[in-house]
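Enquirer: Could you have a look at this structure, given as structure tokens, before my questions?
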Amino acid sequence: MSKNSKGLFLIGLALAVLSLLILSVSCIESPFATDEEEDTPLTTEFLEGLDEDGPDAPSPLMSQSDSSTITAEYGGELLLTEFGSNTGLFVPANSLTSDCRISVLAKLWYNQGKYIITLDFSPDSLVFEAAAALRVDGKHFSSAGELNLFWYDQQLEKWAFQATGEVQEGLAEFELDHFSKYAISN
């Protein structure tokens with residue numbers, strides 16, 4: 001085989017390999033595709049079974065309970081320092097019709113590949129005149145750009161999505177207009 005023949009053979013072989021690569025990659029979606037992403041509804045399956053008894057039920061990684069008397073005139077706060085120094089409930093002045101003792105049981109879970117914080121507030125069904133702020137430290141959540149807030153609907157006996165909060169300076173903030181059982185996850 002002459003030098004020219006070898007050169008042409010190698011070029012032909014290179015073109016054939018390149019063609020095969022192009023054909024095999026053509027079915028892979030481009031990362032630069034311009035089609036808009038479809039909104040996928042947030043699922044709540046990872047919240048099911050928390051706080052249930054039984055051998056397959058998940059166990060919380062940590063928990064904290066606390067209470068505080070919040071005055072109607074001045075408002076107040078209920079901090080959950082085990083979950084981060086700025087994690088807690090912040091009730092503005094004149095948000096309550098009367099002074100009230102507020103309690104919370106907070107738990108950190110790991111279930112189905114997600115970290116979850118559940119917050120069970122009392123008194124049950126307390127309604128705020130002006131929304132209270134729930135602040136959550138993002139340190140327990142991997143890639144915490146946004147956190148989602150869910151609440152437990154006792155009538156339907158299921159979890160429902162409430163809001164998404166962007167983590168800024170390590171904290172996400174949500175508005176609460178009533179007490180319920182809440183869950184936060186990313």
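Letters for chains follow the order of the structure tokens (A, B, ...), residue numbers begin at 1 for each chain, and ligand numbers begin at 1 in the order shown.
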Can you list, as a ChimeraX atom specification, every protein, DNA or RNA residue that comes within 6 Å of stretch 55-67 of chain A when you count only C-alpha atoms, leaving out same-chain residues fewer than 6 positions away?

Expert: /A:102-109

Enquirer: Do a neighbour search on A:Glu175 at 10 Å with only C-alpha atoms, toss out local chain neighbours closer than 4 positions, and write the hits as a PyMOL selection string.

Expert: chain A and resi 89-90+130-135+149+162-163+165

Enquirer: Hey, which of A:Ala72, A:Glu129, A:His178, A:Ile184 ends up closest to A:Glu146? Count only C-alpha atoms.

Expert: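 Using only C-alpha atoms, A:Glu146 sits closest to A:Ile184.
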
Enquirer: Considering only helix (DSSP H, G or I) as DSSP defines it on the backbone, what residues of stretch 62-170 of chain A qualify? List them as a count of residues only.

Expert: 6
